[in-house]
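A.B. asks: This is run.txt (compact mmCIF, C-alpha atoms).
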# COMPACT_ATOMS: atom_id res chain seq x y z
CA MET A 30 32.81 21.86 -18.17
CA ALA A 31 29.49 22.39 -19.85
CA GLU A 32 26.22 22.77 -17.97
CA LYS A 33 24.95 19.61 -16.28
CA LEU A 34 21.60 17.95 -16.79
CA HIS A 35 19.63 16.78 -13.79
CA PHE A 36 18.48 13.24 -14.44
CA SER A 37 16.42 10.83 -12.39
CA LEU A 38 15.33 7.30 -13.20
CA VAL A 39 12.46 6.01 -11.09
CA SER A 40 10.72 2.66 -11.03
CA PRO A 41 7.69 1.80 -8.86
CA GLU A 42 9.97 -0.03 -6.44
CA ARG A 43 12.63 2.61 -6.01
CA GLU A 44 14.61 5.51 -7.38
CA LEU A 45 17.48 3.98 -9.35
CA PHE A 46 19.37 7.10 -10.22
CA SER A 47 19.24 10.74 -9.32
CA GLY A 48 21.92 13.25 -10.00
CA ASP A 49 23.65 15.56 -12.46
CA VAL A 50 24.87 14.04 -15.71
CA ASP A 51 26.22 15.23 -19.06
CA GLN A 52 23.96 13.41 -21.46
CA VAL A 53 21.24 10.77 -21.53
CA ASP A 54 20.33 8.67 -24.57
CA ALA A 55 16.95 6.98 -24.45
CA PRO A 56 14.85 4.81 -26.79
CA GLY A 57 11.79 6.94 -27.58
CA SER A 58 8.77 5.26 -29.11
CA GLU A 59 9.32 7.31 -32.25
CA GLY A 60 13.08 7.03 -32.34
CA ASN A 61 16.08 7.21 -30.06
CA PHE A 62 16.94 10.60 -28.70
CA GLY A 63 19.65 12.24 -26.66
CA VAL A 64 19.09 14.86 -24.00
CA LEU A 65 21.62 17.48 -22.98
CA ALA A 66 21.24 20.30 -20.49
CA GLY A 67 18.89 23.01 -21.73
CA HIS A 68 16.78 20.70 -23.89
CA ALA A 69 13.35 21.98 -24.92
CA PRO A 70 10.39 20.68 -22.88
CA PHE A 71 9.54 17.32 -24.32
CA MET A 72 7.58 14.26 -23.36
CA THR A 73 7.52 10.84 -24.92
CA THR A 74 6.75 7.23 -24.20
CA LEU A 75 9.67 4.81 -24.37
CA LYS A 76 10.14 1.52 -26.14
CA GLU A 77 11.73 -1.38 -24.41
CA GLY A 78 15.46 -0.77 -24.61
CA ARG A 79 18.50 0.72 -23.01
CA VAL A 80 19.07 4.10 -21.49
CA HIS A 81 22.66 5.33 -21.63
CA VAL A 82 23.68 7.84 -19.03
CA HIS A 83 26.93 9.72 -19.67
CA ILE A 84 28.66 11.15 -16.66
CA GLY A 85 32.01 12.72 -17.48
CA SER A 86 33.96 10.01 -19.24
CA GLY A 87 31.99 7.23 -17.63
CA GLU A 88 28.72 5.67 -18.69
CA ARG A 89 25.90 3.84 -16.95
CA VAL A 90 23.45 1.67 -18.82
CA TYR A 91 19.93 0.72 -17.71
CA ASP A 92 17.42 -1.68 -19.20
CA VAL A 93 13.98 -0.12 -19.17
CA ARG A 94 10.55 -1.38 -20.09
CA GLY A 95 7.18 0.35 -20.04
CA GLY A 96 8.43 3.82 -19.40
CA PHE A 97 8.17 7.41 -20.45
CA ALA A 98 10.46 10.38 -20.36
CA ASP A 99 9.68 13.92 -19.31
CA VAL A 100 12.07 16.75 -20.10
CA THR A 101 11.50 20.04 -18.33
CA PRO A 102 13.81 22.98 -17.75
CA GLN A 103 14.48 21.35 -14.37
CA GLY A 104 15.87 18.22 -15.98
CA LEU A 105 14.95 14.81 -17.30
CA THR A 106 12.82 12.27 -15.49
CA ILE A 107 12.33 8.74 -16.73
CA LEU A 108 9.56 6.74 -15.11
CA ALA A 109 9.79 3.06 -15.98
CA GLU A 110 7.69 0.12 -14.82
CA HIS A 111 10.73 -2.08 -15.02
CA ALA A 112 14.25 -0.79 -14.81
CA ALA A 113 17.54 -2.44 -13.96
CA GLU A 114 21.15 -1.46 -14.29
CA VAL A 115 23.14 -3.40 -16.82
CA VAL A 116 26.45 -4.38 -15.31
CA MET B 24 -12.18 -22.70 44.45
CA ALA B 25 -9.55 -23.86 42.02
CA SER B 26 -6.82 -26.08 43.42
CA VAL B 27 -3.15 -25.17 43.31
CA LYS B 28 -2.63 -27.70 40.55
CA ASP B 29 -5.39 -26.20 38.36
CA LEU B 30 -3.89 -22.76 38.80
CA LYS B 31 -0.47 -24.05 37.87
CA THR B 32 -1.84 -25.47 34.63
CA ARG B 33 -3.55 -22.19 33.79
CA ILE B 34 -0.40 -20.20 34.43
CA ALA B 35 1.55 -22.54 32.16
CA SER B 36 -1.04 -22.10 29.41
CA VAL B 37 -1.09 -18.29 29.66
CA THR B 38 2.71 -18.25 29.69
CA SER B 39 2.88 -20.17 26.44
CA THR B 40 0.28 -17.84 24.90
CA GLN B 41 2.44 -14.93 25.98
CA LYS B 42 5.44 -16.50 24.29
CA ILE B 43 3.51 -16.73 21.04
CA THR B 44 2.23 -13.14 21.14
CA LYS B 45 5.71 -11.92 22.03
CA ALA B 46 7.18 -13.76 19.04
CA MET B 47 4.46 -12.43 16.74
CA GLN B 48 5.14 -8.91 17.94
CA MET B 49 8.82 -9.22 17.13
CA VAL B 50 8.15 -10.73 13.73
CA ALA B 51 5.69 -7.94 12.94
CA ALA B 52 8.22 -5.32 14.03
CA ALA B 53 10.84 -6.77 11.69
CA LYS B 54 8.40 -6.99 8.80
CA LEU B 55 7.13 -3.50 9.48
CA ARG B 56 10.55 -2.06 8.86
CA ARG B 57 10.74 -3.73 5.47
CA ALA B 58 7.16 -2.83 4.54
CA ARG B 59 7.78 0.78 5.49
CA ASP B 60 10.90 0.97 3.35
CA ALA B 61 8.96 -0.48 0.43
CA ALA B 62 6.14 2.02 0.88
CA GLU B 63 8.56 4.91 1.12
CA SER B 64 10.64 3.96 -1.89
CA ALA B 65 7.48 3.69 -3.99
CA ARG B 66 6.53 7.28 -3.24
CA PRO B 67 8.78 9.15 -5.70
CA TYR B 68 7.33 7.20 -8.62
CA ALA B 69 3.74 7.81 -7.57
CA SER B 70 4.26 11.51 -6.97
CA ARG B 71 6.15 12.08 -10.24
CA MET B 72 3.43 10.18 -12.07
CA ALA B 73 0.74 12.36 -10.49
CA ALA B 74 2.66 15.52 -11.36
CA VAL B 75 3.11 14.48 -14.97
CA ILE B 76 -0.55 13.59 -15.36
CA ALA B 77 -1.66 16.83 -13.76
CA ASN B 78 0.59 18.66 -16.16
CA LEU B 79 -0.78 16.79 -19.16
CA ALA B 80 -4.39 17.08 -18.06
CA ALA B 81 -4.05 20.83 -17.69
CA GLY B 82 -2.97 21.11 -21.31
CA ILE B 83 -5.54 18.81 -22.83
CA SER B 84 -8.73 20.24 -24.27
CA GLY B 85 -12.23 18.82 -23.72
CA GLY B 86 -13.19 16.58 -26.62
CA GLY B 87 -10.29 14.19 -27.00
CA ALA B 88 -9.71 13.57 -23.31
CA PRO B 89 -9.72 9.88 -22.35
CA ARG B 90 -12.71 8.68 -20.36
CA MET B 91 -10.50 7.47 -17.53
CA LEU B 92 -9.67 11.10 -16.88
CA VAL B 93 -12.98 12.86 -17.38
CA GLY B 94 -15.37 10.00 -16.55
CA THR B 95 -18.38 8.80 -18.46
CA GLY B 96 -20.44 11.84 -17.61
CA SER B 97 -22.57 9.83 -15.21
CA GLN B 98 -22.08 8.81 -11.60
CA ALA B 99 -24.86 6.26 -11.39
CA ARG B 100 -22.79 3.12 -11.13
CA GLU B 101 -19.92 2.85 -8.74
CA LEU B 102 -17.33 0.18 -8.11
CA VAL B 103 -15.92 0.19 -4.59
CA VAL B 104 -12.57 -1.53 -4.17
CA VAL B 105 -11.92 -2.47 -0.54
CA ALA B 106 -8.36 -3.44 0.27
CA THR B 107 -7.44 -5.17 3.52
CA SER B 108 -4.91 -7.77 4.56
CA ASP B 109 -5.23 -11.53 4.27
CA LYS B 110 -4.61 -12.19 7.92
CA GLY B 111 -6.11 -11.05 11.18
CA LEU B 112 -4.71 -10.68 14.69
CA ALA B 113 -4.01 -7.04 14.06
CA GLY B 114 -6.43 -5.22 16.32
CA GLY B 115 -8.95 -3.04 14.54
CA PHE B 116 -6.96 -2.78 11.34
CA ASN B 117 -9.25 -4.64 8.96
CA GLY B 118 -12.40 -3.81 10.88
CA SER B 119 -11.90 -0.09 10.51
CA ILE B 120 -11.47 -0.24 6.73
CA VAL B 121 -14.48 -2.48 6.32
CA ARG B 122 -16.61 -0.31 8.59
CA ALA B 123 -15.71 2.86 6.69
CA ALA B 124 -16.39 1.16 3.37
CA ARG B 125 -19.69 -0.26 4.58
CA GLU B 126 -20.94 3.12 5.72
CA TYR B 127 -19.96 4.64 2.40
CA ILE B 128 -21.61 1.86 0.38
CA ALA B 129 -24.80 2.13 2.42
CA GLY B 130 -24.84 5.87 1.78
CA GLN B 131 -24.35 5.43 -1.95
CA ILE B 132 -27.10 2.81 -2.17
CA ALA B 133 -29.42 5.08 -0.21
CA ALA B 134 -28.64 7.83 -2.71
CA GLY B 135 -29.94 5.57 -5.46
CA ARG B 136 -26.60 4.61 -6.95
CA GLN B 137 -25.84 1.18 -8.21
CA VAL B 138 -22.84 -0.16 -6.29
CA SER B 139 -20.64 -3.15 -6.91
CA VAL B 140 -17.86 -4.33 -4.65
CA LEU B 141 -14.40 -5.68 -5.32
CA THR B 142 -12.35 -6.79 -2.38
CA VAL B 143 -8.61 -7.24 -2.15
CA GLY B 144 -7.51 -9.44 0.71
CA ARG B 145 -9.19 -12.31 2.49
CA LYS B 146 -10.47 -10.30 5.45
CA ALA B 147 -12.46 -7.86 3.36
CA ARG B 148 -13.94 -10.75 1.44
CA ASP B 149 -15.00 -12.58 4.61
CA GLN B 150 -16.61 -9.51 6.11
CA LEU B 151 -18.30 -8.09 3.05
CA ARG B 152 -19.43 -11.12 1.11
CA ARG B 153 -22.26 -11.88 3.50
CA LEU B 154 -23.60 -8.35 3.29
CA TYR B 155 -23.17 -7.64 -0.36
CA GLY B 156 -23.22 -11.10 -1.91
CA ASP B 157 -25.22 -9.93 -4.89
CA LEU B 158 -23.03 -6.90 -5.55
CA TYR B 159 -19.91 -8.90 -5.38
CA LEU B 160 -17.37 -8.98 -8.17
CA ALA B 161 -14.09 -10.73 -7.56
CA THR B 162 -11.72 -11.30 -4.75
CA PRO B 163 -8.02 -11.39 -5.41
CA GLU B 164 -5.96 -12.09 -2.31
CA ALA B 165 -3.67 -9.33 -1.14
CA GLY B 166 -0.56 -11.47 -0.77
CA VAL B 167 2.73 -9.66 -0.89
CA PRO B 168 2.28 -6.33 -2.65
CA SER B 169 3.99 -6.31 -6.02
CA LEU B 170 3.59 -4.56 -9.31
CA ALA B 171 2.22 -7.76 -10.86
CA LYS B 172 -0.41 -8.07 -8.13
CA ALA B 173 -1.45 -4.43 -8.50
CA GLN B 174 -1.58 -4.93 -12.25
CA GLU B 175 -3.92 -7.89 -11.83
CA ILE B 176 -6.34 -5.81 -9.77
CA ALA B 177 -6.03 -2.83 -12.10
CA ASP B 178 -6.87 -5.13 -15.02
CA ILE B 179 -10.10 -6.26 -13.38
CA VAL B 180 -11.07 -2.65 -12.69
CA THR B 181 -10.13 -1.49 -16.18
CA ALA B 182 -12.06 -4.33 -17.81
CA ARG B 183 -15.23 -3.35 -15.93
CA PHE B 184 -14.77 0.28 -16.80
CA GLU B 185 -14.01 -0.35 -20.46
CA ALA B 186 -17.05 -2.63 -20.70
CA GLY B 187 -19.12 0.33 -19.55
CA GLU B 188 -20.36 -1.40 -16.42
CA VAL B 189 -19.19 1.25 -13.99
CA ASP B 190 -18.83 5.02 -14.06
CA VAL B 191 -16.86 5.71 -10.91
CA VAL B 192 -14.24 3.63 -9.13
CA THR B 193 -13.39 4.24 -5.49
CA LEU B 194 -10.69 2.61 -3.42
CA TYR B 195 -10.70 2.04 0.34
CA TYR B 196 -7.50 1.30 2.21
CA ASN B 197 -5.67 2.22 5.39
CA GLN B 198 -3.25 5.06 5.04
CA PHE B 199 -0.09 4.54 7.04
CA LYS B 200 0.28 7.73 9.05
CA SER B 201 2.56 6.39 11.73
CA VAL B 202 3.18 3.23 13.72
CA VAL B 203 0.29 4.07 16.02
CA SER B 204 -2.10 5.59 13.52
CA GLN B 205 -3.57 4.12 10.36
CA VAL B 206 -6.41 6.04 8.82
CA PRO B 207 -9.07 4.43 6.62
CA THR B 208 -8.89 6.44 3.43
CA ARG B 209 -11.14 6.79 0.43
CA GLN B 210 -9.54 7.52 -2.89
CA GLN B 211 -11.22 8.01 -6.22
CA LEU B 212 -9.44 6.09 -8.98
CA ILE B 213 -11.69 6.78 -11.96
CA PRO B 214 -12.21 9.49 -13.09
CA ALA B 215 -8.60 10.17 -12.21
CA GLN B 216 -8.15 12.77 -9.53
CA ILE B 217 -5.81 15.53 -10.48
CA ALA B 218 -3.66 16.56 -7.59
CA GLY B 219 -4.42 20.26 -7.22
CA SER B 220 -1.25 20.73 -5.25
CA ALA B 221 1.03 19.34 -7.94
CA PRO B 222 3.54 22.05 -8.79
CA THR B 223 3.11 23.41 -12.26
CA ILE B 224 6.31 23.19 -14.18
CA ASP B 225 7.81 26.44 -15.31
CA LEU B 226 8.58 26.01 -18.97
CA LYS B 227 10.31 29.39 -19.25
CA GLY B 228 8.33 30.32 -22.30
CA ALA B 229 9.02 27.19 -24.32
CA GLY B 230 6.20 24.95 -25.53
CA TYR B 231 5.99 21.29 -24.68
CA GLU B 232 6.60 18.81 -27.44
CA TYR B 233 4.92 15.44 -27.38
CA GLU B 234 5.80 12.17 -29.07
CA PRO B 235 3.30 10.73 -29.95
CA ASP B 236 0.58 13.32 -29.29
CA GLU B 237 -0.74 14.33 -25.87
CA THR B 238 -3.86 12.20 -26.00
CA ALA B 239 -1.89 9.07 -26.85
CA ILE B 240 0.56 9.66 -24.02
CA LEU B 241 -2.24 10.34 -21.58
CA ALA B 242 -4.07 7.22 -22.72
CA ALA B 243 -0.91 5.19 -22.09
CA LEU B 244 -0.26 6.80 -18.74
CA LEU B 245 -3.68 6.61 -17.10
CA PRO B 246 -3.83 2.80 -16.81
CA ARG B 247 -0.30 2.85 -15.41
CA ASN B 248 -1.32 5.51 -12.95
CA LEU B 249 -4.19 3.28 -11.84
CA THR B 250 -1.77 0.42 -11.22
CA THR B 251 0.59 2.73 -9.37
CA GLN B 252 -2.16 4.02 -7.11
CA ILE B 253 -3.33 0.49 -6.31
CA LEU B 254 0.24 -0.59 -5.62
CA ALA B 255 0.76 2.40 -3.34
CA ALA B 256 -2.43 1.55 -1.45
CA MET B 257 -1.34 -2.06 -1.07
CA LEU B 258 2.05 -1.02 0.24
CA GLU B 259 0.49 1.40 2.71
CA ASN B 260 -1.88 -1.35 3.82
CA GLN B 261 0.98 -3.75 4.29
CA ALA B 262 2.95 -1.32 6.43
CA GLY B 263 -0.17 -0.39 8.40
CA PHE B 264 -1.05 -4.01 8.94
CA PHE B 265 2.28 -4.87 10.52
CA ALA B 266 2.22 -1.73 12.64
CA SER B 267 -1.26 -2.58 13.83
CA GLN B 268 -0.35 -6.19 14.45
CA MET B 269 2.71 -5.14 16.39
CA ALA B 270 0.60 -2.90 18.63
CA ALA B 271 -2.06 -5.58 19.08
CA MET B 272 0.49 -8.24 19.98
CA ASP B 273 2.26 -5.86 22.33
CA ASN B 274 -1.05 -5.36 24.13
CA ALA B 275 -1.72 -9.07 24.20
CA THR B 276 1.71 -9.74 25.68
CA ARG B 277 1.14 -7.14 28.37
CA ASN B 278 -2.32 -8.51 29.18
CA ALA B 279 -0.94 -12.02 29.44
CA GLY B 280 1.72 -10.71 31.84
CA GLU B 281 -0.94 -9.12 34.05
CA MET B 282 -2.97 -12.29 33.98
CA ILE B 283 0.01 -14.40 34.99
CA ALA B 284 0.73 -12.04 37.88
CA SER B 285 -2.81 -12.19 39.20
CA LEU B 286 -3.00 -15.98 38.77
CA LYS B 287 0.24 -16.36 40.65
CA LEU B 288 -1.12 -14.25 43.50
CA ILE B 289 -4.25 -16.41 43.71
CA MET B 290 -2.15 -19.56 43.57
CA ASN B 291 0.13 -18.44 46.41
CA ARG B 292 -2.83 -17.45 48.56
CA THR B 293 -4.50 -20.78 47.94
CA ARG B 294 -1.33 -22.63 48.86
CA GLN B 295 -0.85 -20.56 52.00
CA ALA B 296 -4.48 -21.14 53.01
CA GLN B 297 -3.96 -24.85 52.65
CA ILE B 298 -0.79 -24.82 54.76
CA THR B 299 -2.55 -22.81 57.46
CA LYS B 300 -5.45 -25.24 57.40
CA GLU B 301 -3.11 -28.23 57.79
CA LEU B 302 -1.26 -26.53 60.66
CA ILE B 303 -4.54 -25.84 62.50
CA GLU B 304 -5.51 -29.47 62.05
CA ILE B 305 -2.18 -30.68 63.50
CA ILE B 306 -2.28 -28.24 66.43
CA SER B 307 -5.89 -28.99 67.35
CA GLY B 308 -5.10 -32.70 66.97
CA ALA B 309 -2.18 -32.34 69.41
CA GLU B 310 -4.26 -30.33 71.89
CA ALA B 311 -6.92 -33.01 71.96
CA LEU B 312 -4.46 -35.61 73.19
Just dump the structure as structure tokens.
C.D. replies:
Amino acid sequence: MAEKLHFSLVSPERELFSGDVDQVDAPGSEGNFGVLAGHAPFMTTLKEGRVHVHIGSGERVYDVRGGFADVTPQGLTILAEHAAEVV
Amino acid sequence: MASVKDLKTRIASVTSTQKITKAMQMVAAAKLRRARDAAESARPYASRMAAVIANLAAGISGGGAPRMLVGTGSQARELVVVATSDKGLAGGFNGSIVRAAREYIAGQIAAGRQVSVLTVGRKARDQLRRLYGDLYLATPEAGVPSLAKAQEIADIVTARFEAGEVDVVTLYYNQFKSVVSQVPTRQQLIPAQIAGSAPTIDLKGAGYEYEPDETAILAALLPRNLTTQILAAMLENQAGFFASQMAAMDNATRNAGEMIASLKLIMNRTRQAQITKELIEIISGAEAL
């Protein structure tokens, strides 16, 4: 199995997700992007849209609004004013 | 001396007061748990936000920095935001915030600064409006802390700042240290305070990439950071308020218990004195025959 990416999704009310994942796709303000482990340091604001989190063969989807993403060598953090899991 | 009947009425009244304070204490304890959870689950967001801003601010160079970060270059006009609760019956909770804020405001005015006041919560409004009526701005009620509420307050603050009416914005609230200790705390909102302790992120030699550019991201983040800080303060206040109310009501319940005990003692003595008096009357009546 390839290297895992540490991902956390935090809203002002609570931490919605925190853990190791394979890939995260997010709606950047200048275009959608995917993050894998070992991504270059990168920071962007997010449009309103959906964040797809791939864990193994499974996938979790979150609706986010008013957020931004921060990629560091330690992993990806998405801070969103509004975030909810899509069931 | 009060009659046995009067004492009975007083005991009944204190007992019903005690029932009320006891109920309020239990309600506050239940609400405290929820308020504490809310305050704690808001912390990761606030701390990540602070770390990201510190990181951005470190990389940004002088000229293009937003004014919310570096200030207007003057400190002459200050807006003091005082956050309390809407309700009382919580011991010195509101009083201690207001006192700390009042001392600070008096100091700033004495130093020749122009101060305006914005209160959050009914108690701060009641206590400060009389003193600083002319400096007074607006008075949103605290209500239940929510992002929308914090946003509303942040909007008022931002509007004043953008209009160039204030240079510095300071927030007063009670920091929730523990159930028995809430500390009135002053926090500077604008210019944004960069947490010196925020860990710098090790980029392992790679450069950060920004979309859009750094200044645009920072400009988008700073107002959000303001809202987050206000929300955090409101949540801390909420938790502190219930803790303080719980302690105050616990005291009140205990005091009522002591009062009932001493009233009962007086009542029994009075009754006994009366019985003794009646007995003496009967005996001396019988002896006279």
A.B. asks: Select, from B:Thr38, B:Thr32, B:Asn78, B:Gln150, the residue with the minimum atom-to-atom distance to Thr101 in chain A, counting all atoms listed in the file.
C.D. replies: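 Under the stated criterion, the closest residue is B:Asn78.
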A.B. asks: Which chain A residues are at most 8 Å from chain B (counting all atoms listed in the file), as a PDB file with C-alpha atoms, keeping the file's coordinate frame?
C.D. replies:
ATOM      1  CA  VAL A  39      12.460   6.010 -11.090  1.00  0.00           C
ATOM      2  CA  SER A  40      10.720   2.660 -11.030  1.00  0.00           C
ATOM      3  CA  PRO A  41       7.690   1.800  -8.860  1.00  0.00           C
ATOM      4  CA  GLU A  42       9.970  -0.030  -6.440  1.00  0.00           C
ATOM      5  CA  ARG A  43      12.630   2.610  -6.010  1.00  0.00           C
ATOM      6  CA  GLU A  44      14.610   5.510  -7.380  1.00  0.00           C
ATOM      7  CA  SER A  58       8.770   5.260 -29.110  1.00  0.00           C
ATOM      8  CA  GLU A  59       9.320   7.310 -32.250  1.00  0.00           C
ATOM      9  CA  ALA A  69      13.350  21.980 -24.920  1.00  0.00           C
ATOM     10  CA  PRO A  70      10.390  20.680 -22.880  1.00  0.00           C
ATOM     11  CA  PHE A  71       9.540  17.320 -24.320  1.00  0.00           C
ATOM     12  CA  MET A  72       7.580  14.260 -23.360  1.00  0.00           C
ATOM     13  CA  THR A  73       7.520  10.840 -24.920  1.00  0.00           C
ATOM     14  CA  THR A  74       6.750   7.230 -24.200  1.00  0.00           C
ATOM     15  CA  ASP A  99       9.680  13.920 -19.310  1.00  0.00           C
ATOM     16  CA  THR A 101      11.500  20.040 -18.330  1.00  0.00           C
ATOM     17  CA  PRO A 102      13.810  22.980 -17.750  1.00  0.00           C
ATOM     18  CA  LEU A 108       9.560   6.740 -15.110  1.00  0.00           C
TER      19      LEU A 108
END
A.B. asks: I'd like the interatomic distance between CA of Ala173 in chain B and CA of Ala262 in chain B, to a tenth of an Å.
C.D. replies: 15.9 Å
A.B. asks: Show me as a PyMOL selection string the residues that reach within 12 Å of (-9.4, 3.0, 6.9), counting only C-alpha atoms and using the file's own coordinates.
C.D. replies: chain B and resi 105-108+115-127+147+194-200+204-210+256+259-260+263-264
A.B. asks: Which residue gives the smallest distance to Met269 in chain B among B:Ala58, B:Val203, B:Val191, B:Ala77, with all atoms listed in the file counted?
C.D. replies: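 Using all atoms listed in the file, Met269 in chain B sits closest to B:Val203.
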A.B. asks: Extract, using all atoms listed in the file, all DNA, RNA and protein residues at most 8 Å from Arg100 in chain B, discarding same-chain residues fewer than 4 positions from it, and format them as JSON, numbers by chain.
C.D. replies: {"B": [136, 137, 138, 139, 188, 189, 190, 191]}
